[in-house]
Structure formats: structure tokens, C-alpha cells
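Peer 1: To start, I am sharing the structure in question, which I have written as C-alpha cells.
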Amino acid sequence: MSGAVLVTDARKTFVASRRLFGGGTPVHAVDGVSFSIAPGRVLGIAGESGSGKSTLANLLVGLELPSGGEIAIGGRPLGRKPNADFRRSVQMVFQDPFGSINPRFTVGRTVEEPLLIHGLGSEAERHARAIAALEEAELRPGAAFMERFPHELSGGQRQRVAIARAIVLRPRLLVADEPVSMLDVSVRAGILRLLNRLVHESEMAMVFITHDLSIVASVCDELAVMYRGRFVEHGPVRAVLQKPRHPYTRALIAAVPVPDPTVPPTPLPAKLMSGGAPVAGGCRFAPRCGSAIAACETVDPVLEEAQPGHRVACIRHREIAQ
Ligand SMILES: Nc1ncnc2c1ncn2[C@@H]1O[C@H](COP(=O)(O)OP(=O)(O)OP(=O)(O)O)[C@@H](O)[C@H]1O
Ligand code: SF4
Ligand SMILES: [Mg+2]
């Protein structure tokens with residue numbers, strides 16, 4: 001599995017402050033997630049707000065330490081704490097290109113900084129590698145960008161600088177958390193094409209996090225749908241989008257706006273919007289599920305293979321797929 005990403009039963013529990021909320025209630029933000037990604041492949045992760053996508057991203061890059069489970073990137077285990085080797089092997093692109101880049105640093109210093117932190121190369125080598133990374137991020141000629149400051153760049157160009165900074169270390173895994181959602185619609189497609197090209201032309205894997213299912217097919221090879229800290233469906237992107245098997249995935253896909261502005265999107269069913277607390281030991285989606293039966297309150301479904309490589313956590317997925 002060298003070069004690949006291997007995540008086994010990853011967990012992250014936050015305990016809300018007693019002083020603030022009076023109870024010390026645990027939040028199982030990531031609650032037993034397992035997957036692997038081969039080099040040169042993209043795993044998309046979708047799900048509504050609060051489903052645990054960013055917490056999983058933070059675990060993958062070592063910004064948060066897991067409460068349980070194992071994470072290994074390129075054969076390097078995260079262990080109890082990320083070491084320099086682990087940190088080098090995984091890099092992140094954030095949602096906000098304005099907040100993720102230091103406004104006082106030139107583009108050159110921004111992109112060279114990871115090399116400096118890891119003590120890699122001479123000054124001249126770092127300079128050359130930064131220019132090469134900018135060109136890979138399609139900021140050409142790269143040398144012309146080195147002395148510029150973030151305020152002189154557009155939002156799309158800033159995100160390209162953030163991508164150049166992320167790839168300059170040649171990571172095994174790139175984690176992109178909503179990388180285009182704050183960008184102007186006109187530049188989104190270009191950034192998505194860039195990420196897609198960088199991954200598929202290299203040995204790097206990518207986790208691409210989004211709440212926007214309309215863009216996953218253009219970037220991802222696989223898609224996982226997250227609900228309350230768990231994957232409820234995971235498979236080849238086209239299989240999940242064209243033949244979704246989990247009721248939650250089906251509702252999310254039905255609600256995606258179609259490109260034709262005269263056709264209104266299907267609204268989410270009222271029950272799905274309202275939600276409610278799941279019964280302990282039952283399916284966590286049951287309070288919102290239009291397909292729930294009595295057994296759903298007593299069985300907590302685990303992911304099982306519905307088709308080769310396509311996993312679903314629903315006791316009724318075979319009937320639902322009919
Ligand atoms: N540092 C923290 N302390 C306490 N709870 C947290 C912390 N970070 C996240 N959470 C909680 O964990 C859950 C998952 O949050 P997370 O940010 O991972 O969701 P998300 O899927 O990225 O949502 P969004 O789409 O809004 O970005 C939420 O209930 C959130 O309130
Ligand atoms: S197990 Fe039951 S409640 Fe859960 S998603 Fe399937 S049908 Fe719905
Ligand atoms: Mg998030």
C-alpha cells in the first residue's frame with residue numbers, strides 16, 4: 001500500500017466545554033471512518049454542514065489528533081503525533097484563499113516557505129522549485145509572480161498560489177476542503193480542472209471535500225457521502241451519482257439544481273429537512289428517513305458491499321435500489 005492513503009476506523013470526539021454548555025456532551029464528529037485511496041486517484045467527500053467533513057480533513061493532515069483508529073499516508077503512520085515525515089507527505093488547500101495566505105508575504109516567499117520549514121534545498125533550489133510549482137499551478141511565467149503580493153492577485157490566482165504552496169513539497173496526499181466555494185463562479189471550473197490534472201498526472205492522491213454534488217463528477221473518481229460522522233455510501237463516483245442506494249444520498253442528489261434554469265430543483269422532503277435525534281442503537285438517519293421501518297430503530301447499519309467497490313450503510317439498500 002506504499003504511496004496510498006489508508007484510514008482505518010478513524011474517530012474524533014470533541015467534548016464541549018462544561019462551562020459553556022453545562023454538560024460536557026461529547027460530539028462524535030468522525031465516528032469510525034475507513035477507506036483507502038490509491039495514488040493518482042481522487043476521493044470526493046460530500047455531506048451537509050456538520051457531518052464531519054472538515055474534521056476528517058483535519059485528521060488527515062494532522063491538524064487534529066484522532067481519538068481512535070489509524071491513519072497512514074504513503075506507508076507513514078500518523079501514530080500519536082504527526083512527525084516531519086508525515087507532515088511533508090500531506091498538504092491542504094483551504095476554502096478561503098484570502099485567509100490562508102499571509103498578505104504580507106510575496107508569492108515567492110509563500111510558496112518557498114514549506115521548503116524552508118522542512119530545511120529542503122539551497123536558496124537557489126528553493127527559488128527554482130517555487131517557480132516550477134507556480135507554473136504547475138498555471139501561473140505563467142512563474143518568475144513574474146514571485147515578487148507580487150496577494151492583494152495584487154485575483155481570488156482565482158490566490159487559490160492557485162495556495163495550490164502551488166501545497167504541491168511544492170510533492171505530497172502523497174492533497175486535501176482540498178471546499179477549494180472553490182468562495183471563488184467567483186467564472187474561475188471555479190479552471191481550478192477544478194487544475195486539481196484534476198495535477199492528481200491524474202502524478203502519484204499524488206486527493207481528498208476533495210464539497211457540499212456541492214454538481215461538481216464532484218468532474219473531479220472525483222470515487223464519492224463518499226458522510227452523515228453524522230460516518231460514511232453512509234461510498235463507491236465509484238458515477239455509480240453513486242447514477243444509482244444512489246442510501247436514502248440520504250438519493251435525497252441529496254434529487255435536490256441538486258439541474259443546469260436548465262426553467263426546471264426547479266426538487267426540494268428536500270419535509271421530513272429530511274426537520275431531522276431529530278436518532279434512537280441509540282438504531283440507524284442514525286432513521287428520524288429523517290422516508291424509507292424507515294421498525295427494524296431501523298434497533299439496527300445500526302454498517303457499510304456493506306452492494307456492488308464491487310460500492311458500499312452502503314442501510315438495511316434496506318437492496319429493496320431501495322430495485
Ligand atoms: N473544535 C471543535 N470543538 C467542538 N466541536 C467541534 C469542533 N470542530 C467541529 N466540531 C463539531 O463537529 C461536527 C462536525 O463539524 P465539521 O466542521 O467537521 O463539519 P463539516 O461537515 O465540515 O461542516 P461544514 O459543511 O459546515 O463545513 C459539528 O457538530 C461541529 O460542531
Ligand atoms: S437503515 Fe432504515 S432508517 Fe437507515 S437509511 Fe436505511 S431505511 Fe433509512
Ligand atoms: Mg467544513
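Letters A, B, ... go to the chains of the C-alpha cells in the order shown; residues in each chain start at 1; ligands are counted from 1 in the same order.
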Output as a list in words all residues of segment 22-157 of chain A that backbone DSSP marks as strand (DSSP E or B).
Peer 2: Pro26, Val27, His28, Ala29, Val30, Asp31, Gly32, Val33, Ser34, Phe35, Ser36, Ile37, Val42, Leu43, Gly44, Ile45, Ala46, Gly68, Gly69, Glu70, Ile71, Ala72, Ile73, Arg76, Pro77, Val90, Gln91, Met92 and Val93 of chain A
Peer 1: Go ahead and save the picked residues with C-alpha atoms, as an mmCIF file, in the first residue's frame.
Peer 2:
data_model
loop_
_atom_site.group_PDB
_atom_site.id
_atom_site.type_symbol
_atom_site.label_atom_id
_atom_site.label_comp_id
_atom_site.auth_asym_id
_atom_site.auth_seq_id
_atom_site.Cartn_x
_atom_site.Cartn_y
_atom_site.Cartn_z
ATOM 1 C CA PRO A 26 -19.348 14.534 23.500
ATOM 2 C CA VAL A 27 -19.680 15.269 19.772
ATOM 3 C CA HIS A 28 -18.619 12.288 17.656
ATOM 4 C CA ALA A 29 -17.540 14.431 14.702
ATOM 5 C CA VAL A 30 -15.826 11.480 12.968
ATOM 6 C CA ASP A 31 -17.195 8.169 14.167
ATOM 7 C CA GLY A 32 -15.424 5.185 12.628
ATOM 8 C CA VAL A 33 -14.402 6.008 9.059
ATOM 9 C CA SER A 34 -12.326 3.610 6.961
ATOM 10 C CA PHE A 35 -11.124 3.965 3.374
ATOM 11 C CA SER A 36 -8.066 3.826 1.160
ATOM 12 C CA ILE A 37 -7.058 5.909 -1.853
ATOM 13 C CA VAL A 42 -9.476 11.446 -6.084
ATOM 14 C CA LEU A 43 -11.946 10.645 -3.311
ATOM 15 C CA GLY A 44 -14.765 13.170 -3.034
ATOM 16 C CA ILE A 45 -16.448 13.585 0.338
ATOM 17 C CA ALA A 46 -19.886 15.188 0.407
ATOM 18 C CA GLY A 68 -9.068 6.432 17.794
ATOM 19 C CA GLY A 69 -8.175 4.479 14.672
ATOM 20 C CA GLU A 70 -5.196 4.598 12.326
ATOM 21 C CA ILE A 71 -4.157 6.939 9.518
ATOM 22 C CA ALA A 72 -1.205 6.174 7.245
ATOM 23 C CA ILE A 73 -0.056 8.218 4.247
ATOM 24 C CA ARG A 76 3.901 6.515 7.097
ATOM 25 C CA PRO A 77 1.600 6.110 10.103
ATOM 26 C CA VAL A 90 0.201 15.530 3.166
ATOM 27 C CA GLN A 91 -0.785 19.097 2.333
ATOM 28 C CA MET A 92 -4.030 21.028 2.420
ATOM 29 C CA VAL A 93 -5.798 23.595 0.253
#
Peer 1: Please report as CSV every residue of chain A lying within 6 Å of ligand 1, along with the nearest atom pair and their distance in Å (one decimal), using only C-alpha atoms and all ligand atoms.
Peer 2:
residue,atom,partner,partner_atom_place_in_ligand_line,distance
A:Phe14,CA,ligand 1,4 (C),4.8
A:Ala16,CA,ligand 1,4 (C),5.6
A:Ala29,CA,ligand 1,12 (O),4.1
A:Glu48,CA,ligand 1,25 (O),5.5
A:Ser49,CA,ligand 1,25 (O),3.4
A:Gly50,CA,ligand 1,19 (O),3.4
A:Ser51,CA,ligand 1,21 (O),3.9
A:Gly52,CA,ligand 1,18 (O),3.3
A:Lys53,CA,ligand 1,21 (O),3.8
A:Ser54,CA,ligand 1,22 (O),3.6
A:Thr55,CA,ligand 1,18 (O),3.7
Peer 1: So the first atom is atom CA of Val111 of chain A and the second is atom CA of Val161 of chain A; what is the distance between them in Å, to one decimal place?
Peer 2: 7.1 Å
Peer 1: Any idea what the distance is between atom CA of Thr106 of chain A and atom CA of Arg160 of chain A?
Peer 2: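 Result for atom CA of Thr106 of chain A versus atom CA of Arg160 of chain A: 13.9 Å, one decimal.
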Peer 1: To one decimal place, how far is atom CA of Ala10 of chain A from atom CA of Arg230 of chain A in Å?
Peer 2: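 Distance between the two atoms: 9.7 Å.
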